[in-house]
Structures are given as structure tokens and as C-alpha cells.
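model_11.cif (mmCIF, C-alpha atoms) appears below.
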```
data_final
#
loop_
_atom_site.label_atom_id
_atom_site.label_comp_id
_atom_site.auth_asym_id
_atom_site.auth_seq_id
_atom_site.Cartn_x
_atom_site.Cartn_y
_atom_site.Cartn_z
CA MET W 1 18.99 7.81 -25.24
CA ARG W 2 22.27 9.45 -26.31
CA ILE W 3 21.56 12.40 -23.99
CA ARG W 4 20.94 10.04 -21.07
CA VAL W 5 24.16 8.14 -21.72
CA PHE W 6 26.03 11.43 -22.03
CA LEU W 7 24.67 12.70 -18.69
CA LEU W 8 25.51 9.42 -17.00
CA SER W 9 29.05 9.53 -18.38
CA ILE W 10 29.48 13.07 -17.01
CA PHE W 11 28.35 11.92 -13.56
CA LEU W 12 30.66 8.90 -13.54
CA SER W 13 33.53 11.08 -14.76
CA ALA W 14 32.87 13.49 -11.91
CA ILE W 15 33.11 10.62 -9.42
CA ALA W 16 36.39 9.56 -10.98
CA ALA W 17 37.69 13.13 -10.82
CA ILE W 18 36.85 13.40 -7.13
CA ALA W 19 38.73 10.18 -6.48
CA ALA W 20 41.71 11.31 -8.55
CA LEU W 21 41.98 14.85 -7.21
CA GLY W 22 41.03 14.21 -3.58
CA GLN W 23 43.92 14.65 -1.19
CA THR W 24 42.67 12.09 1.31
CA THR W 25 43.40 8.38 1.21
CA THR W 26 39.75 7.34 0.90
CA ASN W 27 37.62 7.11 -2.22
CA PRO W 28 34.23 8.83 -2.39
CA ASP W 29 31.24 7.00 -0.93
CA VAL W 30 29.00 5.78 -3.75
CA SER W 31 25.53 4.37 -3.14
CA PHE W 32 22.45 3.22 -5.04
CA ILE W 33 18.98 3.60 -3.52
CA GLY W 34 16.05 1.85 -5.22
CA ASP W 35 12.38 2.73 -4.73
CA PHE W 36 9.92 0.04 -5.87
CA ARG W 37 6.16 0.42 -5.26
CA ALA W 38 2.91 -1.47 -5.63
CA ILE W 39 0.04 1.04 -5.90
CA ALA W 40 -3.73 0.72 -5.96
CA HIS W 41 -6.42 3.40 -6.05
CA GLN W 42 -10.14 3.57 -5.39
CA ASP W 43 -12.15 6.17 -7.32
CA SER W 44 -8.98 7.54 -8.91
CA PRO W 45 -9.60 10.75 -10.95
CA ASP W 46 -7.83 9.30 -13.99
CA GLY W 47 -9.64 5.96 -13.75
CA THR W 48 -6.55 3.86 -13.00
CA ASP W 49 -7.96 1.82 -10.11
CA ASN W 50 -6.23 -1.41 -11.08
CA PRO W 51 -3.19 -2.32 -8.95
CA GLN W 52 0.12 -1.61 -10.66
CA PHE W 53 3.84 -1.96 -10.06
CA GLN W 54 6.05 1.08 -10.34
CA PHE W 55 9.80 1.52 -10.05
CA ASP W 56 9.68 5.11 -8.87
CA GLU W 57 13.36 5.83 -9.24
CA LEU W 58 16.90 4.63 -8.79
CA GLU W 59 19.02 7.20 -6.99
CA MET W 60 22.78 7.23 -7.36
CA ALA W 61 24.63 9.25 -4.72
CA ALA W 62 28.33 10.05 -4.38
CA SER W 63 30.07 12.09 -1.70
CA GLY W 64 33.59 12.57 -0.45
CA TYR W 65 36.19 15.05 0.66
CA LEU W 66 37.90 17.03 -2.10
CA ASN W 67 40.58 18.14 0.36
CA PRO W 68 40.76 18.70 4.13
CA TYR W 69 38.62 21.84 3.79
CA SER W 70 35.84 20.90 1.36
CA ARG W 71 33.70 18.04 0.10
CA GLY W 72 31.66 17.25 -2.98
CA ASP W 73 28.18 15.70 -3.20
CA ALA W 74 26.19 14.54 -6.21
CA VAL W 75 22.83 12.81 -6.58
CA VAL W 76 21.49 11.55 -9.92
CA ALA W 77 18.01 10.03 -10.22
CA PHE W 78 16.92 7.56 -12.89
CA ALA W 79 13.15 7.97 -12.97
CA ASN W 80 10.39 5.47 -13.77
CA ALA W 81 9.74 7.12 -17.16
CA GLY W 82 13.38 6.70 -18.17
CA ASP W 83 14.39 10.30 -17.50
CA ILE W 84 17.73 11.15 -15.91
CA ASP W 85 17.83 14.08 -13.52
CA ILE W 86 20.81 15.60 -11.75
CA GLU W 87 18.99 16.28 -8.49
CA GLU W 88 21.97 17.72 -6.66
CA ALA W 89 25.62 18.41 -7.51
CA TYR W 90 27.52 20.79 -5.28
CA ALA W 91 30.75 21.47 -3.44
CA THR W 92 30.85 22.70 0.16
CA LEU W 93 33.65 24.63 1.81
CA LEU W 94 33.37 23.31 5.35
CA ARG W 95 36.18 24.96 7.28
CA GLY W 96 38.85 27.62 7.05
CA LEU W 97 36.47 30.62 6.95
CA PRO W 98 35.81 33.12 9.75
CA TRP W 99 32.68 33.08 11.96
CA ASN W 100 32.16 29.37 11.38
CA LEU W 101 30.92 30.07 7.85
CA GLN W 102 30.30 27.33 5.29
CA ILE W 103 29.73 27.94 1.57
CA LYS W 104 27.88 25.58 -0.76
CA THR W 105 27.96 26.11 -4.54
CA GLY W 106 26.12 24.18 -7.24
CA LYS W 107 22.67 22.66 -7.67
CA TYR W 108 20.89 21.67 -4.47
CA LEU W 109 17.61 21.41 -2.59
CA VAL W 110 17.14 24.88 -1.12
CA ASP W 111 16.65 25.22 2.63
CA PHE W 112 13.32 26.98 2.30
CA GLY W 113 11.82 25.25 5.29
CA LYS W 114 13.13 21.97 6.67
CA LEU W 115 11.34 19.28 4.65
CA ASN W 116 12.36 20.68 1.27
CA THR W 117 16.03 19.84 1.93
CA GLN W 118 15.26 16.13 2.16
CA HIS W 119 14.72 13.47 -0.49
CA ALA W 120 11.35 11.70 -0.48
CA HIS W 121 12.82 8.30 0.44
CA GLN W 122 13.76 9.75 3.85
CA TRP W 123 10.10 10.01 4.88
CA SER W 124 7.83 7.30 6.27
CA TRP W 125 4.79 8.98 4.60
CA ILE W 126 6.43 8.34 1.18
CA GLU W 127 5.08 11.33 -0.79
CA ARG W 128 6.45 14.89 -0.88
CA PRO W 129 4.04 17.29 0.89
CA LEU W 130 1.43 18.85 -1.38
CA MET W 131 2.52 22.43 -0.73
CA PHE W 132 5.99 21.80 -2.18
CA GLN W 133 4.58 19.88 -5.15
CA ARG W 134 1.99 22.55 -5.99
CA PHE W 135 4.22 25.56 -5.42
CA PHE W 136 7.51 24.22 -6.87
CA GLY W 137 6.83 20.95 -8.71
CA GLU W 138 7.12 17.24 -7.96
CA GLU W 139 10.75 17.45 -6.81
CA GLY W 140 10.31 20.52 -4.61
CA LEU W 141 12.49 23.64 -4.73
CA LYS W 142 15.95 22.95 -6.15
CA ASP W 143 18.07 25.42 -8.08
CA LEU W 144 21.55 26.52 -9.02
CA GLY W 145 23.01 28.90 -6.50
CA VAL W 146 25.31 29.77 -3.65
CA ASN W 147 24.43 29.07 -0.04
CA VAL W 148 26.20 30.62 2.96
CA THR W 149 25.50 29.26 6.45
CA THR W 150 26.78 29.63 9.96
CA MET W 151 25.96 28.08 13.33
CA ILE W 152 26.24 30.24 16.46
CA PRO W 153 26.40 28.42 19.82
CA ILE W 154 24.11 29.82 22.52
CA GLY W 155 24.71 27.82 25.68
CA ARG W 156 23.44 24.31 24.98
CA SER W 157 21.46 25.62 22.00
CA ALA W 158 22.54 26.80 18.57
CA LEU W 159 21.32 29.52 16.21
CA GLY W 160 21.54 28.75 12.50
CA ILE W 161 21.60 31.44 9.82
CA SER W 162 21.46 30.62 6.12
CA GLY W 163 21.21 32.71 2.94
CA ASN W 164 20.90 31.74 -0.74
CA VAL W 165 21.47 33.56 -4.01
CA LEU W 166 19.68 31.50 -6.68
CA LYS W 167 19.42 31.40 -10.46
CA GLY W 168 15.73 32.11 -9.93
CA ALA W 169 13.88 30.37 -12.79
CA PHE W 170 12.05 27.81 -10.61
CA LEU W 171 8.71 29.70 -10.57
CA LEU W 172 8.59 30.18 -14.35
CA PRO W 173 6.95 27.61 -16.67
CA GLU W 174 9.17 24.58 -17.34
CA ASP W 175 9.37 25.36 -21.07
CA SER W 176 10.30 29.01 -20.49
CA GLU W 177 13.53 30.20 -22.11
CA ASP W 178 13.53 33.51 -20.24
CA THR W 179 16.38 34.45 -17.91
CA PRO W 180 14.88 36.13 -14.85
CA PRO W 181 16.81 38.13 -12.26
CA MET W 182 18.42 36.15 -9.49
CA ALA W 183 16.27 35.13 -6.54
CA GLY W 184 17.08 35.19 -2.86
CA SER W 185 16.07 33.22 0.21
CA GLY W 186 17.06 32.93 3.84
CA ARG W 187 16.36 30.80 6.89
CA VAL W 188 16.94 31.37 10.60
CA SER W 189 16.63 28.36 12.90
CA ILE W 190 17.12 27.51 16.54
CA PHE W 191 18.12 24.09 17.81
CA ALA W 192 17.69 23.33 21.50
CA PRO W 193 17.79 20.23 23.72
CA VAL W 194 14.61 19.71 25.75
CA SER W 195 15.89 16.86 27.91
CA GLU W 196 18.59 14.22 27.89
CA HIS W 197 16.77 12.32 25.16
CA SER W 198 14.76 14.98 23.31
CA GLU W 199 15.34 18.07 21.21
CA ILE W 200 13.49 20.63 19.12
CA GLU W 201 14.30 22.63 16.03
CA MET W 202 12.32 25.62 14.82
CA GLY W 203 12.92 27.69 11.72
CA ILE W 204 11.52 30.58 9.70
CA SER W 205 12.28 31.14 6.01
CA ALA W 206 11.64 33.79 3.38
CA LEU W 207 11.91 33.70 -0.42
CA HIS W 208 11.63 36.37 -3.13
CA ALA W 209 11.66 35.36 -6.80
CA GLN W 210 10.24 36.48 -10.13
CA ASP W 211 7.32 34.36 -11.36
CA ASP W 212 6.18 36.43 -14.37
CA PHE W 213 9.05 37.49 -16.61
CA ALA W 214 6.98 39.36 -19.22
CA ASN W 215 5.23 41.57 -16.67
CA LYS W 216 8.14 41.67 -14.20
CA ARG W 217 6.01 40.36 -11.35
CA TRP W 218 7.55 38.87 -8.23
CA ALA W 219 6.34 36.38 -5.65
CA THR W 220 7.11 36.62 -1.96
CA MET W 221 6.91 33.46 0.13
CA GLY W 222 7.38 32.50 3.76
CA ASP W 223 7.75 29.24 5.65
CA ILE W 224 7.75 28.22 9.30
CA ASP W 225 8.89 24.77 10.43
CA PHE W 226 9.01 22.78 13.66
CA LYS W 227 10.53 19.42 14.59
CA TYR W 228 10.48 17.56 17.90
CA LYS W 229 12.51 14.38 18.35
CA TRP W 230 12.58 12.02 21.33
CA LYS W 231 15.06 9.14 21.12
CA PRO W 232 15.87 7.40 24.42
CA ASP W 233 17.83 4.62 22.68
CA MET W 234 18.81 3.36 19.24
CA TYR W 235 15.54 1.57 18.53
CA LYS W 236 12.84 3.79 19.96
CA SER W 237 11.91 7.29 18.86
CA LEU W 238 9.10 9.78 18.38
CA VAL W 239 9.36 12.44 15.68
CA ILE W 240 6.80 15.23 15.22
CA VAL W 241 7.16 17.60 12.27
CA ALA W 242 4.97 20.54 11.31
CA GLU W 243 5.48 23.05 8.53
CA GLY W 244 3.46 25.85 6.98
CA LEU W 245 4.01 27.84 3.79
CA THR W 246 2.52 31.11 2.55
CA SER W 247 2.75 32.85 -0.81
CA SER W 248 1.75 36.27 -2.10
CA LYS W 249 1.82 37.17 -5.78
CA THR W 250 0.07 39.29 -8.40
CA VAL W 251 -1.65 37.46 -11.25
CA ALA W 252 -3.83 38.41 -14.20
CA ASP W 253 -7.48 38.77 -13.25
CA ASP W 254 -10.02 36.68 -15.14
CA THR W 255 -11.97 39.61 -16.53
CA LEU W 256 -12.55 41.28 -19.88
CA ASP W 257 -9.89 43.85 -18.99
CA SER W 258 -6.60 42.34 -20.15
CA ASP W 259 -4.64 44.67 -17.88
CA ALA W 260 -6.58 43.82 -14.73
CA THR W 261 -4.64 42.08 -11.97
CA LYS W 262 -5.37 40.70 -8.54
CA LYS W 263 -3.37 39.73 -5.50
CA VAL W 264 -3.42 36.03 -4.57
CA SER W 265 -2.41 34.85 -1.13
CA ALA W 266 -2.15 31.06 -0.86
CA MET W 267 -0.92 28.68 1.81
CA GLY W 268 -0.10 25.08 2.62
CA ALA W 269 0.51 23.01 5.75
CA PHE W 270 1.84 19.60 6.70
CA VAL W 271 1.91 17.73 10.04
CA SER W 272 3.24 14.24 10.77
CA VAL W 273 3.75 12.02 13.83
CA ASP W 274 6.11 9.05 13.43
CA TYR W 275 6.62 6.59 16.32
CA GLN W 276 9.34 3.94 16.20
CA PHE W 277 8.34 1.41 18.86
CA HIS W 278 10.75 -1.43 18.05
CA LYS W 279 14.13 -1.97 16.49
CA ARG W 280 12.53 -2.52 13.08
CA PHE W 281 8.97 -1.14 13.26
CA ASP W 282 7.39 2.32 13.12
CA VAL W 283 3.86 3.66 12.68
CA GLY W 284 2.43 7.13 12.22
CA SER W 285 -0.09 9.47 10.63
CA PHE W 286 -0.08 12.73 8.69
CA TYR W 287 -2.25 15.62 7.49
CA ASP W 288 -1.45 17.47 4.27
CA TYR W 289 -3.09 20.58 2.77
CA SER W 290 -2.28 23.03 0.00
CA GLN W 291 -3.94 25.74 -2.03
CA ASN W 292 -3.07 26.54 -5.62
CA PRO W 293 -0.46 29.34 -5.66
CA VAL W 294 -2.35 31.20 -8.42
CA ASP W 295 -5.91 30.42 -7.27
CA ASP W 296 -6.59 30.24 -3.54
CA LYS W 297 -10.05 28.75 -4.18
CA ASP W 298 -8.40 25.64 -5.65
CA ASN W 299 -7.22 23.41 -2.79
CA GLN W 300 -6.31 19.82 -2.01
CA THR W 301 -6.30 17.91 1.28
CA ALA W 302 -4.80 14.55 2.16
CA TYR W 303 -4.54 12.52 5.34
CA GLY W 304 -3.58 8.98 6.21
CA VAL W 305 -1.57 6.47 8.19
CA PHE W 306 1.69 4.69 7.49
CA ALA W 307 3.81 1.86 8.85
CA GLY W 308 7.35 0.67 8.21
CA PHE W 309 9.47 -2.43 8.72
CA GLY W 310 13.24 -2.02 8.42
CA ILE W 311 15.67 -4.89 7.97
CA ALA W 312 19.42 -4.93 8.58
CA GLU W 313 20.16 -1.35 9.64
CA GLU W 314 17.87 0.36 7.14
CA THR W 315 19.41 -1.19 4.01
CA TYR W 316 16.07 -2.86 3.19
CA ARG W 317 12.78 -1.28 4.25
CA LEU W 318 9.13 -2.05 3.61
CA GLY W 319 6.65 0.82 3.90
CA LEU W 320 2.85 0.82 3.86
CA LEU W 321 0.78 3.96 3.16
CA LEU W 322 -3.02 4.34 3.38
CA ARG W 323 -4.00 7.77 2.06
CA HIS W 324 -7.20 9.69 1.29
CA ASP W 325 -7.24 12.76 -0.96
CA ASP W 326 -9.93 15.39 -1.47
CA ALA W 327 -9.73 18.33 -3.86
CA SER W 328 -12.00 21.23 -4.72
CA ALA W 329 -11.65 20.37 -8.41
CA LEU W 330 -12.97 16.81 -7.90
CA ASP W 331 -16.54 15.64 -7.39
CA LYS W 332 -15.42 13.06 -4.85
CA GLY W 333 -12.27 12.06 -3.00
CA PHE W 334 -10.12 9.03 -3.75
CA ASP W 335 -8.11 6.52 -1.75
CA THR W 336 -4.61 5.19 -2.32
CA ILE W 337 -2.73 2.25 -0.86
CA GLN W 338 0.99 1.95 -1.49
CA LEU W 339 3.44 -0.77 -0.58
CA GLN W 340 6.99 0.51 -0.90
CA LEU W 341 10.27 -1.38 -0.97
CA LEU W 342 13.35 0.75 -0.36
CA TRP W 343 16.81 -0.75 -0.63
CA ALA W 344 20.27 0.73 -0.36
CA LEU W 345 23.56 -0.51 -1.75
CA GLY W 346 26.35 1.51 -0.16
CA PRO W 347 26.81 3.78 2.88
CA HIS W 348 23.92 6.18 2.19
CA LYS W 349 20.77 4.99 3.96
CA PRO W 350 17.30 5.38 2.40
CA HIS W 351 15.62 6.17 5.72
CA THR W 352 16.90 7.00 9.20
CA PHE W 353 15.13 7.93 12.42
#
```
Any chance you could put this one into C-alpha cells?
Amino acid sequence: MRIRVFLLSIFLSAIAAIAALGQTTTNPDVSFIGDFRAIAHQDSPDGTDNPQFQFDELEMAASGYLNPYSRGDAVVAFANAGDIDIEEAYATLLRGLPWNLQIKTGKYLVDFGKLNTQHAHQWSWIERPLMFQRFFGEEGLKDLGVNVTTMIPIGRSALGISGNVLKGAFLLPEDSEDTPPMAGSGRVSIFAPVSEHSEIEMGISALHAQDDFANKRWATMGDIDFKYKWKPDMYKSLVIVAEGLTSSKTVADDTLDSDATKKVSAMGAFVSVDYQFHKRFDVGSFYDYSQNPVDDKDNQTAYGVFAGFGIAEETYRLGLLLRHDDASALDKGFDTIQLQLLWALGPHKPHTF
């Protein structure tokens, strides 16, 4: 408890420091986003089929300009189990550099693909895609590092280039005390208007990081992402997202020879269609698939439908998810129904189209 209070005091002190040191006349924007859920399963692997309430997390976000050239952002999550996690805390130099460069320093969700940069409450399908959970953990890929980006105009389109130098421990076991070499990643994306009311974004990413400190083994990963958005007015839209991930690494072979190794190539994919047909209503469906990064014969598949009802400019949103999961490690699949209540106190919105 003392550690949690200490971490919270650090975060609140940081907010106060931003307000005190900022050279603008405005205070930082501070918001709270709550995520409450009612969940029920059928044929759940752990036997918990009874409906249950769950407060998934309370997210506290603060952002504001440090000076005319840079801004600070911080996100702290208070989880259902009582844990406190500094999800993101970084400063971004926005202007003043040549070639339209921007530099972000701190802890952040890495732009390996498009979906990984977003928090789960931003999605109508509620859960983080399986490939990011299985390859990086429940919260996806986040790390300490430095990110350099630029945007190059090409007619009506724009080319984005991004590179990261990361601390690099995200592929090691959570309890590891080893200090691996730094990791690196990059993403190139193209944004282009399709018509007056529609646009596309496509990106390709690469990542290289050590995943076995003792044997000095490295993993190489790639990602390709696509997003199409049609929005003829404020209250109607169609969003299609698709993303695929690949991984190649060397692991110990399950043989009597302790020195034997094998190459494992694993992949994951996610596709979603989300249609907002009214000021406050949206419906959609998704398909989700991922292999195990260290065993490509171990896989999991999920698919389902979702619906949402937003009240008062997205400050209060009800979400419904019907989901079916199958896995190679299970004798039979299981079904999940979730009713989610998202609420936001402050300028940061829990979900936007």
C-alpha cells in the first residue's frame, strides 16, 4: 500500500510541476476514465461461468504544454487487482527541429503497428488483440525509450517515418533482473485521402530485440497495418482496420540434447469492421488470431460482434461484446458476453470515432 501511495504522490507531483513550470497560461488537462464491466462465460476453461462484476481499471491522464515547443503526457492506471501502473509518461518536442522532426522521450506505447499505440478503451471490441497479448503481455508493447518521427507531405498525402531506441527488456520474463542490450524498431506509414469523406492509412513496422539474455538470442518481428475510414458527417462513420504480425526467433528444442535449438516462426492477425449508423449507436464484428511466439503449434482464435451506445459526446458509453474463443490447448471453445460501461471525467474521451 505504501508503494502505491508513493507512486500516486509522484504522479500528482508531476502534474503540479507541469502546472508550475509551464510557460502558458493554461493548466494541464487532467481526466479520469473508468471501465466497469459485467462478464459472463459459458464453458470457461477456469470454470468461472457465473456472471460477475469487474472494475477493470481507472485511468488517470494528464497532458499539457511545458512551453511553446514541447508538451508532457502521463497516464496512470489503477487496476482491478489494486495494482498501480504508470502506463505512459513522456515529453514530446513538437517544433523547433529541422525536417519537421519530433522527439518523444520517456515510457510509452511503441508504434509497432497501429493498434499497439492505443489504449483498450478506445476500441469498440473492448479487448486488446490476441497477438499483442501473447507476444508482449496484456498491456501490449510499452517500454522506456526515445522516439523520433517526421511527416513528409506528398501532394495531398503524407509519408510518416518513425524510429525507436528502446530499453529492450519487454521480451524477457517479467521477473528477470537481466539488463539486455537496447532494442530498436521502426515504422513507415502512408496516409492518403480516398475521397472527400474517406481516407486510408497503411504502415509497415519492424522490431529487433533480445529475448534470451543467457544465450544472447534475438527475436525479429514485423507488422503490417491498414485502416480505412469513411465519415461523411459527425454522426456516421465506417472504420475498417486490419493488422498482421510475424515473429522469428530461436528457442531451445524439446529434445534430450540440451544444446539443440530450433527456429520458430509465429504470426497473428486481427480484422475489425465498425459502423456508426446514428449519433449514438455503432455495431461491428471482428476476427482475432494468434500463435504462441515460442510454439507455432499453439494457437488461439476469437471472433464476435459488438455494439455501442454513447451518451453526451462520448463521456458515457455502454458497450456490448459477444465473443467466442477456440484454442489448440482446449478441448472445446468457450463463449463470453461482456457489458461495458465507460465514463470520462475531463477532456480526454474514452472512445472516439
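Considering the residues W:Tyr108, W:Phe170, W:Phe270, W:Phe53 and counting all atoms listed in the file, Ser285 (chain W) has its shortest atom-to-atom contact with W:Phe270.
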Suppose a student applies the PyMOL selection byres ((chain W and resi 79-90) around 9) to this structure; what residues should they get, written as a PyMOL selection string? chain W and resi 4+7-8+11+54-59+71-78+91-92+104-109+139+142-143
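For the atom pair formed by CA of Gln338 (chain W) and CA of Leu115 (chain W), the distance is 21.1 Å, given to one decimal.
Among the candidates W:Gln291, W:Gln340, W:Ser265, W:Ser31, the residue lying nearest to Asp326 (chain W) is W:Gln291 (atoms considered: all atoms listed in the file).
In this model, the gap between CA of Phe334 (chain W) and CA of Gly140 (chain W) comes to 23.5 Å.
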I want to know what sits within 7 Å of Gly163 (chain W), based on all atoms listed in the file, with residues of the same chain fewer than 4 positions away left out; could you give that as a PDB file with C-alpha atoms, in the coordinates of the input?
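To be explicit, this is the file written out as selection-v9.pdb:
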```pdb
ATOM      1  CA  ASN W 147      24.430  29.070  -0.040  1.00  0.00           C
ATOM      2  CA  VAL W 148      26.200  30.620   2.960  1.00  0.00           C
ATOM      3  CA  THR W 149      25.500  29.260   6.450  1.00  0.00           C
ATOM      4  CA  SER W 185      16.070  33.220   0.210  1.00  0.00           C
ATOM      5  CA  GLY W 186      17.060  32.930   3.840  1.00  0.00           C
ATOM      6  CA  ARG W 187      16.360  30.800   6.890  1.00  0.00           C
TER       7      ARG W 187
END
```
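Residues lying within 9 Å of region 309-313 of chain W, counting all atoms listed in the file and ignoring same-chain neighbours fewer than 3 positions away, are W:Lys279, W:Arg280, W:Phe281, W:Asp282, W:Tyr316, W:Arg317, W:Leu318, W:Gly319, W:Leu320, W:Lys349, W:His351, W:Thr352.
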Within 10 Å of Phe226 (chain W) using all atoms listed in the file, minus same-chain residues under 3 positions, as a VMD selection string: chain W and resid 113 to 115 189 to 190 200 to 204 240 to 244 271
Residues selected by the PyMOL selection byres ((chain W and resi 70) around 10), written as an NGL selection string: :W and (22 or 64-69 or 71-72 or 91-96 or 102-104)
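Pairwise distance (CA of Glu174 (chain W), CA of Gly145 (chain W)) equals 18.1 Å.
Residue nearest Gly184 (chain W), chosen from W:Asp111, W:Asp43, W:Asp49, W:Asp225 and counting all atoms listed in the file: W:Asp111.
Using only C-alpha atoms for every distance, the candidate list W:Glu199, W:Ile224, W:Ala61, W:Phe135 yields W:Phe135 as the residue closest to Asp296 (chain W).
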Rebuild N, CA and C atoms on region 203-234 of chain W, as a CSV table (one decimal), in the frame of the given file?
```
chain,number,residue,atom,x,y,z
W,203,GLY,N,12.3,26.8,12.7
W,203,GLY,CA,12.9,27.7,11.7
W,203,GLY,C,11.9,28.6,11.0
W,204,ILE,N,12.4,29.7,10.5
W,204,ILE,CA,11.5,30.6,9.7
W,204,ILE,C,12.3,31.0,8.4
W,205,SER,N,11.6,30.9,7.3
W,205,SER,CA,12.3,31.1,6.0
W,205,SER,C,11.5,32.2,5.2
W,206,ALA,N,12.2,32.8,4.3
W,206,ALA,CA,11.6,33.8,3.4
W,206,ALA,C,12.3,33.6,2.0
W,207,LEU,N,11.5,33.9,1.0
W,207,LEU,CA,11.9,33.7,-0.4
W,207,LEU,C,11.3,34.8,-1.3
W,208,HIS,N,12.1,35.3,-2.2
W,208,HIS,CA,11.6,36.4,-3.1
W,208,HIS,C,12.2,36.0,-4.5
W,209,ALA,N,11.3,35.8,-5.5
W,209,ALA,CA,11.7,35.4,-6.8
W,209,ALA,C,10.7,35.8,-7.8
W,210,GLN,N,11.1,36.0,-9.0
W,210,GLN,CA,10.2,36.5,-10.1
W,210,GLN,C,9.5,35.3,-10.7
W,211,ASP,N,8.1,35.4,-10.8
W,211,ASP,CA,7.3,34.4,-11.4
W,211,ASP,C,6.6,34.7,-12.6
W,212,ASP,N,6.8,36.0,-13.1
W,212,ASP,CA,6.2,36.4,-14.4
W,212,ASP,C,7.2,37.3,-15.1
W,213,PHE,N,7.9,36.8,-16.0
W,213,PHE,CA,9.0,37.5,-16.6
W,213,PHE,C,8.5,38.6,-17.5
W,214,ALA,N,7.5,38.4,-18.3
W,214,ALA,CA,7.0,39.4,-19.2
W,214,ALA,C,6.5,40.6,-18.5
W,215,ASN,N,5.8,40.4,-17.4
W,215,ASN,CA,5.2,41.6,-16.7
W,215,ASN,C,6.1,42.0,-15.5
W,216,LYS,N,7.2,41.3,-15.3
W,216,LYS,CA,8.1,41.7,-14.2
W,216,LYS,C,7.4,41.6,-12.8
W,217,ARG,N,6.7,40.5,-12.6
W,217,ARG,CA,6.0,40.4,-11.4
W,217,ARG,C,6.8,39.4,-10.5
W,218,TRP,N,6.8,39.7,-9.2
W,218,TRP,CA,7.6,38.9,-8.2
W,218,TRP,C,6.6,38.2,-7.2
W,219,ALA,N,7.1,37.1,-6.7
W,219,ALA,CA,6.3,36.4,-5.6
W,219,ALA,C,7.2,36.4,-4.4
W,220,THR,N,6.5,36.6,-3.3
W,220,THR,CA,7.1,36.6,-2.0
W,220,THR,C,6.5,35.5,-1.1
W,221,MET,N,7.4,34.6,-0.6
W,221,MET,CA,6.9,33.5,0.1
W,221,MET,C,7.6,33.4,1.5
W,222,GLY,N,6.9,32.7,2.4
W,222,GLY,CA,7.4,32.5,3.8
W,222,GLY,C,7.1,31.1,4.2
W,223,ASP,N,7.9,30.6,5.2
W,223,ASP,CA,7.8,29.2,5.6
W,223,ASP,C,8.1,29.2,7.1
W,224,ILE,N,7.4,28.4,7.9
W,224,ILE,CA,7.8,28.2,9.3
W,224,ILE,C,7.7,26.7,9.6
W,225,ASP,N,8.8,26.2,10.2
W,225,ASP,CA,8.9,24.8,10.4
W,225,ASP,C,9.2,24.5,11.9
W,226,PHE,N,8.8,23.2,12.3
W,226,PHE,CA,9.0,22.8,13.7
W,226,PHE,C,9.3,21.3,13.6
W,227,LYS,N,10.2,20.9,14.5
W,227,LYS,CA,10.5,19.4,14.6
W,227,LYS,C,10.9,19.1,16.1
W,228,TYR,N,10.2,18.1,16.6
W,228,TYR,CA,10.5,17.6,17.9
W,228,TYR,C,10.9,16.1,17.8
W,229,LYS,N,12.0,15.8,18.4
W,229,LYS,CA,12.5,14.4,18.4
W,229,LYS,C,12.8,13.9,19.7
W,230,TRP,N,12.3,12.7,20.1
W,230,TRP,CA,12.6,12.0,21.3
W,230,TRP,C,13.2,10.7,21.0
W,231,LYS,N,14.4,10.4,21.5
W,231,LYS,CA,15.1,9.1,21.1
W,231,LYS,C,15.8,8.7,22.3
W,232,PRO,N,15.2,7.9,23.2
W,232,PRO,CA,15.9,7.4,24.4
W,232,PRO,C,16.9,6.3,24.2
W,233,ASP,N,16.8,5.6,23.0
W,233,ASP,CA,17.8,4.6,22.7
W,233,ASP,C,17.8,4.4,21.2
W,234,MET,N,18.6,3.5,20.7
W,234,MET,CA,18.8,3.4,19.2
W,234,MET,C,17.5,2.9,18.5
```
